[in-house]
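Asks: Here's a structure for you.
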2 protein chains.
Amino acid sequence: MREGDAAPYVFNITTGSLRVYKLLPDGRRQITGFLFAGDFLGLAVGESYVFSAEAMEPSTVCRFRKGPFRALVAHSPPLEHLLLDRTYRELAAAQNQMLLLGRKTAIERMASFLFELPGYDPARPSAPGQVRLPMKRGDIADYLGLTVETVSRVLTRMKVKGLISIPSPNELIVERPERLRQHALGEV
Amino acid sequence: MREGDAAPYVFNITTGSLRVYKLLPDGRRQITGFLFAGDFLGLAVGESYVFSAEAMEPSTVCRFRKGPFRALVAHSPPLEHLLLDRTYRELAAAQNQMLLLGRKTAIERMASFLFELPGYDPARPSAPGQVRLPMKRGDIADYLGLTVETVSRVLTRMKVKGLISIPSPNELIVERPERLRQHALGEV
DNA sequence: CGGACCGTTGAAAGGTGTCAAGTTGCGTGG
DNA sequence: CCACGCAACTTGACACCTTTCAACGGTCCG
């Protein structure tokens, strides 16, 4: 779906992963978030979408027409409550991302990014965790407000420091979660 | 209110203006938004606030205890709908801010900022508009992901170009809205 | 085998940050 | 009434992190 297009549908993701982004006229892209199974898409008010979205891998979604969906929500307080709750979480995540984009260095951004991906177990803060990266380097760069080159260089630096290892371009192992977390908070 | 504190209240702003922000441990600050009369504050889920907020000038708010407020919302579908709608708008604004912080240059950020302040009349796109700046340079800098020095330099550059004029530090006149808008979109 | 895409690495350029100093405006107190 | 101190703002010089530009190797696939 494209920013500016008429917005007749709401989607719920069944499988796969999507990137949500906004563009400037000259092509500069900012990815505002990645979506995975269970996430909703296209809820915003208004007649047209305010952002674009694309699948990053083969994905399936459940599509609702907006009118009936709105009616359903309006008649189901629990559902509306669920949506409100999810939207608050999304807003809190957006604020964290603003902090990242406005005030963190490249390595701090990457460290923060790795912690929000599934694969980290908060119950075992120092246990290494494996992370799947369904997105390409360019997607990570446009999500973190960097260039692909910088993303690549930062990953190399982390590898050299022993913070992570990279078995393949789409897999990453966090070797030292506690030190990576310090980086994410700018405490190094 | 401070990030991390217990969150027993929800606020609605009556008069004045507030800044909402997040901090890194070393003191770096990112202002995620400015709030004005009519805006809600502290709606997010959870036991504690996920950001801090301060008044920028003498302000008054209407304070609700969270429990009763939630109950009120739950029993009033129109109210919940209103909150959901506002939150979507806030989320859309946050996505625009991510684009700004991740991909725009200093002058583009400042131009974008000036357009989201009250004082611009969309019905007369080329008419000069006066803008009140209740926040200090440091607040603008922390909102745009810049430093005070860069904010000051960009304003000077805009002044030299004839895009704006600055009668006093807290007042600003947009002289060439159409050219400023081009800057905001990176079309220069 | 050739080509497209992706990721990595190097060298140089540049925009913004850092550090420092100077100016202005204003409230306070002598 | 004026000197003083302070905070906010501006300006300059320089440093540095990230970007830009370029080249190279690897993988997949026609």
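Residues in the structure tokens are numbered from 1 in each chain, the chains being A, B, ... in the order shown, and ligands are numbered from 1 in the order shown.
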Output the contact residues of chain D with respect to chain A at a cut-off of 12 Å, based on only C-alpha atoms (C1' of nucleotides), as number ranges by chain.
Replies: D: 17-21, 26-27
Asks: Those residues you just picked out, can you put them in a file as a compact mmCIF listing (two decimals), in the first residue's frame with C-alpha atoms (C1' of nucleotides)?
Replies:
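Output file part_24.txt is given in full below:
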```txt
# COMPACT_ATOMS: atom_id res chain seq x y z
C1' DC D 17 31.22 11.28 13.04
C1' DT D 18 28.68 10.02 9.33
C1' DT D 19 27.96 10.43 4.46
C1' DT D 20 29.46 10.21 -0.17
C1' DC D 21 31.85 8.12 -3.82
C1' DG D 26 30.09 -13.28 -2.90
C1' DT D 27 25.76 -15.43 -4.06
```
Asks: Within range 47-140 of chain A, find each residue whose DSSP state, derived from the backbone, is helix (DSSP H, G or I), and express the selection as number ranges by chain.
Replies: A: 66-75, 77-103, 106-116, 137-140
Asks: Please check the contacts: residues of chain C at most 10 Å away from chain A, using only C-alpha atoms (C1' of nucleotides), listed as a ChimeraX atom specification.
Replies: /C:6-9
Asks: Can you spit out the residues from that selection as a short mmCIF file (atom, residue, chain, number, x, y, z; two decimals), in the first residue's frame, using N, CA, C and O atoms (P, O5', C5', C4', C3', O3' and C1' of nucleotides)?
Replies:
```cif
data_model
loop_
_atom_site.label_atom_id
_atom_site.label_comp_id
_atom_site.auth_asym_id
_atom_site.auth_seq_id
_atom_site.Cartn_x
_atom_site.Cartn_y
_atom_site.Cartn_z
P DC C 6 18.95 -6.04 -3.39
"O5'" DC C 6 20.09 -6.51 -2.38
"C5'" DC C 6 20.27 -7.90 -2.14
"C4'" DC C 6 21.57 -8.13 -1.42
"C3'" DC C 6 21.88 -7.14 -0.31
"O3'" DC C 6 21.93 -7.84 0.93
"C1'" DC C 6 23.78 -7.50 -1.69
P DG C 7 22.00 -7.06 2.30
"O5'" DG C 7 23.56 -7.05 2.61
"C5'" DG C 7 24.25 -8.29 2.74
"C4'" DG C 7 25.73 -8.06 2.74
"C3'" DG C 7 26.23 -7.05 3.77
"O3'" DG C 7 27.09 -7.72 4.68
"C1'" DG C 7 27.21 -6.68 1.64
P DT C 8 27.77 -6.92 5.89
"O5'" DT C 8 29.18 -6.47 5.28
"C5'" DT C 8 30.04 -7.46 4.75
"C4'" DT C 8 31.29 -6.83 4.16
"C3'" DT C 8 32.01 -5.85 5.08
"O3'" DT C 8 33.32 -6.34 5.31
"C1'" DT C 8 31.76 -4.95 2.90
P DT C 9 34.26 -5.75 6.44
"O5'" DT C 9 35.12 -4.67 5.65
"C5'" DT C 9 35.92 -5.09 4.56
"C4'" DT C 9 36.45 -3.89 3.81
"C3'" DT C 9 37.06 -2.78 4.68
"O3'" DT C 9 38.44 -2.66 4.36
"C1'" DT C 9 35.68 -1.89 2.96
#
```
Asks: Give the strand (DSSP E or B) residues of range 3-185 of chain B, as DSSP finds them on the backbone, and put them as a PyMOL selection string.
Replies: chain B and resi 6+9-15+17-23+29-36+40-41+48+52-55+60-65+129-132+164-168+171-174
Asks: Just to confirm, what's the straight-line distance from CA of Arg109 in chain B to CA of Met158 in chain B in Å (one decimal)?
Replies: 12.2 Å
Asks: For chain B, which residues have at least one atom within 6 Å of chain A, if we go by only C-alpha atoms? Write them as a PyMOL selection string, please.
Replies: chain B and resi 30+44+84+88+91+98-99+101-102+145
Asks: Could you give me, as a count of residues only, the residues within 12 Å of DC29 in chain D, counting only C-alpha atoms (C1' of nucleotides) and dropping anything in the same chain fewer than 2 positions from it?
Replies: 6
Asks: Separation of CA of Lys161 in chain A and CA of Ala111 in chain A, in Å?
Replies: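 Taking CA of Lys161 in chain A as the start and CA of Ala111 in chain A as the end point, the length is 12.9 Å.
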Asks: Hey, what's within 12 Å of range 53-65 of chain B if we count only C-alpha atoms (C1' of nucleotides) and toss same-chain stuff fewer than 4 positions away? As a PDB file with N, CA and C atoms, in the first residue's frame, please?
Replies:
```
ATOM      1  N   MET B   1       5.870  15.994  35.570  1.00  0.00           N
ATOM      2  CA  MET B   1       5.885  14.554  35.806  1.00  0.00           C
ATOM      3  C   MET B   1       7.135  13.926  35.212  1.00  0.00           C
ATOM      4  N   ARG B   2       7.620  12.851  35.846  1.00  0.00           N
ATOM      5  CA  ARG B   2       8.889  12.263  35.453  1.00  0.00           C
ATOM      6  C   ARG B   2       8.707  10.841  34.930  1.00  0.00           C
ATOM      7  N   GLU B   3       9.451  10.525  33.891  1.00  0.00           N
ATOM      8  CA  GLU B   3       9.450   9.161  33.374  1.00  0.00           C
ATOM      9  C   GLU B   3       9.834   8.197  34.493  1.00  0.00           C
ATOM     10  N   GLY B   4       9.075   7.111  34.594  1.00  0.00           N
ATOM     11  CA  GLY B   4       9.388   6.110  35.598  1.00  0.00           C
ATOM     12  C   GLY B   4       8.593   6.275  36.887  1.00  0.00           C
ATOM     13  N   ASP B   5       8.061   7.485  37.132  1.00  0.00           N
ATOM     14  CA  ASP B   5       7.248   7.679  38.329  1.00  0.00           C
ATOM     15  C   ASP B   5       5.928   6.919  38.205  1.00  0.00           C
ATOM     16  N   ALA B   7       2.097   6.395  37.902  1.00  0.00           N
ATOM     17  CA  ALA B   7       1.261   7.178  37.000  1.00  0.00           C
ATOM     18  C   ALA B   7      -0.204   7.153  37.434  1.00  0.00           C
ATOM     19  N   PRO B   8      -0.543   7.834  38.521  1.00  0.00           N
ATOM     20  CA  PRO B   8      -1.925   7.760  38.990  1.00  0.00           C
ATOM     21  C   PRO B   8      -2.869   8.729  38.291  1.00  0.00           C
ATOM     22  N   TYR B   9      -2.329   9.657  37.513  1.00  0.00           N
ATOM     23  CA  TYR B   9      -3.172  10.710  36.955  1.00  0.00           C
ATOM     24  C   TYR B   9      -3.147  10.778  35.437  1.00  0.00           C
ATOM     25  N   VAL B  10      -4.242  11.301  34.918  1.00  0.00           N
ATOM     26  CA  VAL B  10      -4.327  11.698  33.521  1.00  0.00           C
ATOM     27  C   VAL B  10      -4.623  13.192  33.517  1.00  0.00           C
ATOM     28  N   PHE B  11      -4.049  13.920  32.557  1.00  0.00           N
ATOM     29  CA  PHE B  11      -4.232  15.373  32.546  1.00  0.00           C
ATOM     30  C   PHE B  11      -4.835  15.849  31.232  1.00  0.00           C
ATOM     31  N   ASN B  12      -5.601  16.908  31.336  1.00  0.00           N
ATOM     32  CA  ASN B  12      -6.044  17.622  30.144  1.00  0.00           C
ATOM     33  C   ASN B  12      -5.633  19.073  30.321  1.00  0.00           C
ATOM     34  N   ILE B  13      -4.953  19.603  29.315  1.00  0.00           N
ATOM     35  CA  ILE B  13      -4.388  20.948  29.453  1.00  0.00           C
ATOM     36  C   ILE B  13      -5.452  22.006  29.223  1.00  0.00           C
ATOM     37  N   THR B  14      -5.509  22.954  30.145  1.00  0.00           N
ATOM     38  CA  THR B  14      -6.504  24.022  30.053  1.00  0.00           C
ATOM     39  C   THR B  14      -5.899  25.266  29.400  1.00  0.00           C
ATOM     40  N   THR B  15      -4.750  25.700  29.930  1.00  0.00           N
ATOM     41  CA  THR B  15      -4.062  26.850  29.331  1.00  0.00           C
ATOM     42  C   THR B  15      -2.552  26.622  29.392  1.00  0.00           C
ATOM     43  N   GLY B  16      -1.810  27.340  28.535  1.00  0.00           N
ATOM     44  CA  GLY B  16      -0.353  27.247  28.561  1.00  0.00           C
ATOM     45  C   GLY B  16       0.189  26.242  27.580  1.00  0.00           C
ATOM     46  N   SER B  17       1.423  25.804  27.831  1.00  0.00           N
ATOM     47  CA  SER B  17       2.064  24.858  26.915  1.00  0.00           C
ATOM     48  C   SER B  17       3.087  24.019  27.674  1.00  0.00           C
ATOM     49  N   LEU B  18       3.225  22.759  27.239  1.00  0.00           N
ATOM     50  CA  LEU B  18       4.121  21.813  27.910  1.00  0.00           C
ATOM     51  C   LEU B  18       5.092  21.206  26.913  1.00  0.00           C
ATOM     52  N   ARG B  19       6.213  20.745  27.426  1.00  0.00           N
ATOM     53  CA  ARG B  19       7.118  19.938  26.598  1.00  0.00           C
ATOM     54  C   ARG B  19       7.126  18.524  27.156  1.00  0.00           C
ATOM     55  N   VAL B  20       7.099  17.540  26.258  1.00  0.00           N
ATOM     56  CA  VAL B  20       7.148  16.123  26.621  1.00  0.00           C
ATOM     57  C   VAL B  20       8.472  15.580  26.107  1.00  0.00           C
ATOM     58  N   TYR B  21       9.206  14.835  26.946  1.00  0.00           N
ATOM     59  CA  TYR B  21      10.547  14.430  26.516  1.00  0.00           C
ATOM     60  C   TYR B  21      10.993  13.135  27.159  1.00  0.00           C
ATOM     61  N   LYS B  22      12.036  12.591  26.602  1.00  0.00           N
ATOM     62  CA  LYS B  22      12.705  11.411  27.153  1.00  0.00           C
ATOM     63  C   LYS B  22      14.185  11.719  27.319  1.00  0.00           C
ATOM     64  N   LEU B  23      14.808  11.080  28.298  1.00  0.00           N
ATOM     65  CA  LEU B  23      16.219  11.329  28.579  1.00  0.00           C
ATOM     66  C   LEU B  23      17.038  10.058  28.444  1.00  0.00           C
ATOM     67  N   ARG B  29      18.733  14.714  25.767  1.00  0.00           N
ATOM     68  CA  ARG B  29      17.282  14.844  25.845  1.00  0.00           C
ATOM     69  C   ARG B  29      16.653  14.888  24.461  1.00  0.00           C
ATOM     70  N   GLN B  30      15.574  14.190  24.287  1.00  0.00           N
ATOM     71  CA  GLN B  30      14.796  14.298  23.055  1.00  0.00           C
ATOM     72  C   GLN B  30      13.380  14.706  23.419  1.00  0.00           C
ATOM     73  N   ILE B  31      12.976  15.869  22.968  1.00  0.00           N
ATOM     74  CA  ILE B  31      11.597  16.317  23.171  1.00  0.00           C
ATOM     75  C   ILE B  31      10.741  15.658  22.104  1.00  0.00           C
ATOM     76  N   THR B  32       9.731  14.909  22.535  1.00  0.00           N
ATOM     77  CA  THR B  32       8.915  14.158  21.571  1.00  0.00           C
ATOM     78  C   THR B  32       7.704  14.957  21.127  1.00  0.00           C
ATOM     79  N   GLY B  33       7.402  16.034  21.856  1.00  0.00           N
ATOM     80  CA  GLY B  33       6.284  16.844  21.415  1.00  0.00           C
ATOM     81  C   GLY B  33       6.015  18.012  22.336  1.00  0.00           C
ATOM     82  N   PHE B  34       5.288  18.974  21.801  1.00  0.00           N
ATOM     83  CA  PHE B  34       4.817  20.098  22.607  1.00  0.00           C
ATOM     84  C   PHE B  34       3.298  19.980  22.713  1.00  0.00           C
ATOM     85  N   LEU B  35       2.762  20.257  23.879  1.00  0.00           N
ATOM     86  CA  LEU B  35       1.319  20.153  24.077  1.00  0.00           C
ATOM     87  C   LEU B  35       0.729  21.526  24.387  1.00  0.00           C
ATOM     88  N   PHE B  36      -0.492  21.728  23.914  1.00  0.00           N
ATOM     89  CA  PHE B  36      -1.162  23.013  24.125  1.00  0.00           C
ATOM     90  C   PHE B  36      -2.573  22.776  24.666  1.00  0.00           C
ATOM     91  N   ALA B  37      -3.295  23.847  24.873  1.00  0.00           N
ATOM     92  CA  ALA B  37      -4.637  23.754  25.460  1.00  0.00           C
ATOM     93  C   ALA B  37      -5.481  22.718  24.710  1.00  0.00           C
ATOM     94  N   GLY B  38      -6.140  21.840  25.473  1.00  0.00           N
ATOM     95  CA  GLY B  38      -7.011  20.833  24.884  1.00  0.00           C
ATOM     96  C   GLY B  38      -6.352  19.468  24.768  1.00  0.00           C
ATOM     97  N   ASP B  39      -5.032  19.422  24.777  1.00  0.00           N
ATOM     98  CA  ASP B  39      -4.342  18.137  24.622  1.00  0.00           C
ATOM     99  C   ASP B  39      -4.408  17.301  25.898  1.00  0.00           C
ATOM    100  N   PHE B  40      -4.393  15.985  25.697  1.00  0.00           N
ATOM    101  CA  PHE B  40      -4.357  15.050  26.819  1.00  0.00           C
ATOM    102  C   PHE B  40      -2.918  14.618  27.097  1.00  0.00           C
ATOM    103  N   LEU B  41      -2.686  14.211  28.336  1.00  0.00           N
ATOM    104  CA  LEU B  41      -1.341  13.808  28.752  1.00  0.00           C
ATOM    105  C   LEU B  41      -1.434  12.659  29.747  1.00  0.00           C
ATOM    106  N   GLY B  42      -0.607  11.649  29.558  1.00  0.00           N
ATOM    107  CA  GLY B  42      -0.534  10.567  30.541  1.00  0.00           C
ATOM    108  C   GLY B  42      -1.514   9.442  30.283  1.00  0.00           C
ATOM    109  N   LEU B  43      -1.973   9.331  29.038  1.00  0.00           N
ATOM    110  CA  LEU B  43      -2.969   8.309  28.729  1.00  0.00           C
ATOM    111  C   LEU B  43      -2.373   6.910  28.661  1.00  0.00           C
ATOM    112  N   TYR B  49       4.737   6.378  34.125  1.00  0.00           N
ATOM    113  CA  TYR B  49       4.848   7.194  32.914  1.00  0.00           C
ATOM    114  C   TYR B  49       6.042   6.733  32.089  1.00  0.00           C
ATOM    115  N   PHE B  69     -11.027   7.695  35.628  1.00  0.00           N
ATOM    116  CA  PHE B  69     -10.989   8.145  34.230  1.00  0.00           C
ATOM    117  C   PHE B  69     -11.161   6.964  33.283  1.00  0.00           C
ATOM    118  N   ARG B  70     -10.442   5.882  33.574  1.00  0.00           N
ATOM    119  CA  ARG B  70     -10.559   4.685  32.731  1.00  0.00           C
ATOM    120  C   ARG B  70     -11.987   4.142  32.744  1.00  0.00           C
ATOM    121  N   ALA B  71     -12.566   4.152  33.958  1.00  0.00           N
ATOM    122  CA  ALA B  71     -13.939   3.664  34.071  1.00  0.00           C
ATOM    123  C   ALA B  71     -14.874   4.533  33.233  1.00  0.00           C
ATOM    124  N   LEU B  72     -14.656   5.836  33.325  1.00  0.00           N
ATOM    125  CA  LEU B  72     -15.476   6.771  32.546  1.00  0.00           C
ATOM    126  C   LEU B  72     -15.349   6.476  31.056  1.00  0.00           C
ATOM    127  N   VAL B  73     -14.109   6.276  30.626  1.00  0.00           N
ATOM    128  CA  VAL B  73     -13.865   6.001  29.214  1.00  0.00           C
ATOM    129  C   VAL B  73     -14.538   4.693  28.789  1.00  0.00           C
ATOM    130  N   LEU B 133       6.743  31.654  19.740  1.00  0.00           N
ATOM    131  CA  LEU B 133       7.624  30.558  20.161  1.00  0.00           C
ATOM    132  C   LEU B 133       7.709  30.541  21.688  1.00  0.00           C
ATOM    133  N   PRO B 134       6.802  29.793  22.337  1.00  0.00           N
ATOM    134  CA  PRO B 134       6.840  29.772  23.798  1.00  0.00           C
ATOM    135  C   PRO B 134       8.050  29.015  24.332  1.00  0.00           C
ATOM    136  N   MET B 135       8.690  28.240  23.466  1.00  0.00           N
ATOM    137  CA  MET B 135       9.842  27.439  23.913  1.00  0.00           C
ATOM    138  C   MET B 135      11.147  28.160  23.625  1.00  0.00           C
ATOM    139  N   LYS B 136      12.182  27.768  24.363  1.00  0.00           N
ATOM    140  CA  LYS B 136      13.492  28.373  24.178  1.00  0.00           C
ATOM    141  C   LYS B 136      14.254  27.641  23.071  1.00  0.00           C
ATOM    142  N   GLY B 138      16.928  25.961  23.197  1.00  0.00           N
ATOM    143  CA  GLY B 138      17.334  24.625  23.627  1.00  0.00           C
ATOM    144  C   GLY B 138      16.213  23.603  23.472  1.00  0.00           C
ATOM    145  N   ASP B 139      14.983  24.043  23.679  1.00  0.00           N
ATOM    146  CA  ASP B 139      13.842  23.141  23.496  1.00  0.00           C
ATOM    147  C   ASP B 139      13.662  22.797  22.023  1.00  0.00           C
ATOM    148  N   ILE B 140      13.802  23.805  21.184  1.00  0.00           N
ATOM    149  CA  ILE B 140      13.673  23.572  19.743  1.00  0.00           C
ATOM    150  C   ILE B 140      14.748  22.589  19.292  1.00  0.00           C
TER     151      ILE B 140
END
```
Asks: Just want the 12 Å neighbourhood of DC26 in chain C, counted on only C-alpha atoms (C1' of nucleotides), with same-chain residues fewer than 4 positions away dropped. Output as a list of chain:residue names.
Replies: D:DC4, D:DG5, D:DC6, D:DA7, D:DA8
Asks: Could you write those residues out with C-alpha atoms (C1' of nucleotides), as a PDB file, in the first residue's frame?
Replies:
```pdb
ATOM      1  C1'  DC D   4      26.117  43.753  38.520  1.00  0.00           C
ATOM      2  C1'  DG D   5      25.100  38.933  37.606  1.00  0.00           C
ATOM      3  C1'  DC D   6      22.859  35.678  35.052  1.00  0.00           C
ATOM      4  C1'  DA D   7      20.519  33.352  31.402  1.00  0.00           C
ATOM      5  C1'  DA D   8      19.553  33.254  26.639  1.00  0.00           C
TER       6       DA D   8
END
```
Asks: Distance C1' of DA13 in chain D-C1' of DA20 in chain C, one decimal place?
Replies: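 C1' of DA20 in chain C lies 9.1 Å from C1' of DA13 in chain D.
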Asks: Extract, using only C-alpha atoms (C1' of nucleotides), all DNA, RNA and protein residues at most 12 Å from DA22 in chain D, discarding same-chain residues fewer than 5 positions from it, and format them as a PDB file with all heavy atoms, in the first residue's frame.
Replies:
```
ATOM      1  P    DT C   9      34.261  -5.748   6.444  1.00  0.00           P
ATOM      2  OP1  DT C   9      35.155  -6.829   6.875  1.00  0.00           O
ATOM      3  OP2  DT C   9      33.412  -5.051   7.421  1.00  0.00           O
ATOM      4  O5'  DT C   9      35.120  -4.668   5.653  1.00  0.00           O
ATOM      5  C5'  DT C   9      35.921  -5.089   4.556  1.00  0.00           C
ATOM      6  C4'  DT C   9      36.448  -3.886   3.811  1.00  0.00           C
ATOM      7  O4'  DT C   9      35.384  -3.263   3.063  1.00  0.00           O
ATOM      8  C3'  DT C   9      37.062  -2.779   4.676  1.00  0.00           C
ATOM      9  O3'  DT C   9      38.435  -2.665   4.361  1.00  0.00           O
ATOM     10  C2'  DT C   9      36.277  -1.521   4.306  1.00  0.00           C
ATOM     11  C1'  DT C   9      35.679  -1.888   2.964  1.00  0.00           C
ATOM     12  N1   DT C   9      34.413  -1.207   2.612  1.00  0.00           N
ATOM     13  C2   DT C   9      34.326  -0.579   1.398  1.00  0.00           C
ATOM     14  O2   DT C   9      35.233  -0.550   0.590  1.00  0.00           O
ATOM     15  N3   DT C   9      33.112   0.027   1.148  1.00  0.00           N
ATOM     16  C4   DT C   9      32.018   0.053   1.987  1.00  0.00           C
ATOM     17  O4   DT C   9      30.992   0.623   1.649  1.00  0.00           O
ATOM     18  C5   DT C   9      32.178  -0.627   3.251  1.00  0.00           C
ATOM     19  C7   DT C   9      31.047  -0.641   4.235  1.00  0.00           C
ATOM     20  C6   DT C   9      33.356  -1.216   3.492  1.00  0.00           C
ATOM     21  P    DG C  10      39.400  -1.711   5.196  1.00  0.00           P
ATOM     22  OP1  DG C  10      40.680  -2.430   5.341  1.00  0.00           O
ATOM     23  OP2  DG C  10      38.696  -1.219   6.397  1.00  0.00           O
ATOM     24  O5'  DG C  10      39.629  -0.482   4.206  1.00  0.00           O
ATOM     25  C5'  DG C  10      40.073  -0.725   2.886  1.00  0.00           C
ATOM     26  C4'  DG C  10      40.127   0.569   2.097  1.00  0.00           C
ATOM     27  O4'  DG C  10      38.776   0.920   1.677  1.00  0.00           O
ATOM     28  C3'  DG C  10      40.664   1.773   2.866  1.00  0.00           C
ATOM     29  O3'  DG C  10      41.662   2.423   2.067  1.00  0.00           O
ATOM     30  C2'  DG C  10      39.452   2.672   3.073  1.00  0.00           C
ATOM     31  C1'  DG C  10      38.565   2.300   1.899  1.00  0.00           C
ATOM     32  N9   DG C  10      37.140   2.477   2.122  1.00  0.00           N
ATOM     33  C8   DG C  10      36.383   1.964   3.140  1.00  0.00           C
ATOM     34  N7   DG C  10      35.110   2.284   3.065  1.00  0.00           N
ATOM     35  C5   DG C  10      35.026   3.065   1.923  1.00  0.00           C
ATOM     36  C6   DG C  10      33.908   3.692   1.329  1.00  0.00           C
ATOM     37  O6   DG C  10      32.733   3.688   1.704  1.00  0.00           O
ATOM     38  N1   DG C  10      34.270   4.396   0.177  1.00  0.00           N
ATOM     39  C2   DG C  10      35.531   4.469  -0.332  1.00  0.00           C
ATOM     40  N2   DG C  10      35.687   5.174  -1.433  1.00  0.00           N
ATOM     41  N3   DG C  10      36.588   3.874   0.207  1.00  0.00           N
ATOM     42  C4   DG C  10      36.266   3.191   1.335  1.00  0.00           C
ATOM     43  P    DA C  11      42.579   3.558   2.706  1.00  0.00           P
ATOM     44  OP1  DA C  11      43.947   3.337   2.196  1.00  0.00           O
ATOM     45  OP2  DA C  11      42.329   3.673   4.154  1.00  0.00           O
ATOM     46  O5'  DA C  11      41.978   4.853   1.992  1.00  0.00           O
ATOM     47  C5'  DA C  11      41.815   4.857   0.567  1.00  0.00           C
ATOM     48  C4'  DA C  11      41.214   6.177   0.133  1.00  0.00           C
ATOM     49  O4'  DA C  11      39.785   6.144   0.363  1.00  0.00           O
ATOM     50  C3'  DA C  11      41.747   7.397   0.882  1.00  0.00           C
ATOM     51  O3'  DA C  11      41.924   8.463  -0.034  1.00  0.00           O
ATOM     52  C2'  DA C  11      40.651   7.697   1.902  1.00  0.00           C
ATOM     53  C1'  DA C  11      39.399   7.265   1.145  1.00  0.00           C
ATOM     54  N9   DA C  11      38.294   6.830   1.996  1.00  0.00           N
ATOM     55  C8   DA C  11      38.365   6.095   3.142  1.00  0.00           C
ATOM     56  N7   DA C  11      37.198   5.845   3.693  1.00  0.00           N
ATOM     57  C5   DA C  11      36.295   6.456   2.838  1.00  0.00           C
ATOM     58  C6   DA C  11      34.893   6.563   2.857  1.00  0.00           C
ATOM     59  N6   DA C  11      34.127   6.015   3.801  1.00  0.00           N
ATOM     60  N1   DA C  11      34.303   7.244   1.855  1.00  0.00           N
ATOM     61  C2   DA C  11      35.082   7.798   0.899  1.00  0.00           C
ATOM     62  N3   DA C  11      36.404   7.758   0.780  1.00  0.00           N
ATOM     63  C4   DA C  11      36.958   7.068   1.792  1.00  0.00           C
ATOM     64  P    DA C  12      42.553   9.868   0.437  1.00  0.00           P
ATOM     65  OP1  DA C  12      43.566  10.233  -0.566  1.00  0.00           O
ATOM     66  OP2  DA C  12      42.917   9.782   1.869  1.00  0.00           O
ATOM     67  O5'  DA C  12      41.316  10.862   0.280  1.00  0.00           O
ATOM     68  C5'  DA C  12      40.539  10.816  -0.926  1.00  0.00           C
ATOM     69  C4'  DA C  12      39.267  11.598  -0.723  1.00  0.00           C
ATOM     70  O4'  DA C  12      38.376  10.862   0.138  1.00  0.00           O
ATOM     71  C3'  DA C  12      39.455  12.977  -0.080  1.00  0.00           C
ATOM     72  O3'  DA C  12      38.800  13.951  -0.871  1.00  0.00           O
ATOM     73  C2'  DA C  12      38.842  12.827   1.308  1.00  0.00           C
ATOM     74  C1'  DA C  12      37.796  11.737   1.082  1.00  0.00           C
ATOM     75  N9   DA C  12      37.484  10.952   2.276  1.00  0.00           N
ATOM     76  C8   DA C  12      38.358  10.368   3.146  1.00  0.00           C
ATOM     77  N7   DA C  12      37.773   9.718   4.122  1.00  0.00           N
ATOM     78  C5   DA C  12      36.424   9.888   3.874  1.00  0.00           C
ATOM     79  C6   DA C  12      35.272   9.435   4.553  1.00  0.00           C
ATOM     80  N6   DA C  12      35.306   8.692   5.659  1.00  0.00           N
ATOM     81  N1   DA C  12      34.073   9.789   4.038  1.00  0.00           N
ATOM     82  C2   DA C  12      34.048  10.536   2.917  1.00  0.00           C
ATOM     83  N3   DA C  12      35.060  11.010   2.199  1.00  0.00           N
ATOM     84  C4   DA C  12      36.224  10.650   2.741  1.00  0.00           C
TER      85       DA C  12
END
```
Asks: Identify, on the basis of only C-alpha atoms (C1' of nucleotides), every residue whose closest approach to DT23 in chain C does not exceed 10 Å; exclude the query and any residue fewer than 6 positions from it along the same chain; express the result as a PyMOL selection string.
Replies: chain D and resi 9-11
Asks: Kindly indicate which residue among B:Leu82, B:Gly129, B:Ser48, B:Ser168 lies nearest to DG25 in chain C, using only C-alpha atoms (C1' of nucleotides) for the distances.
Replies: B:Ser168
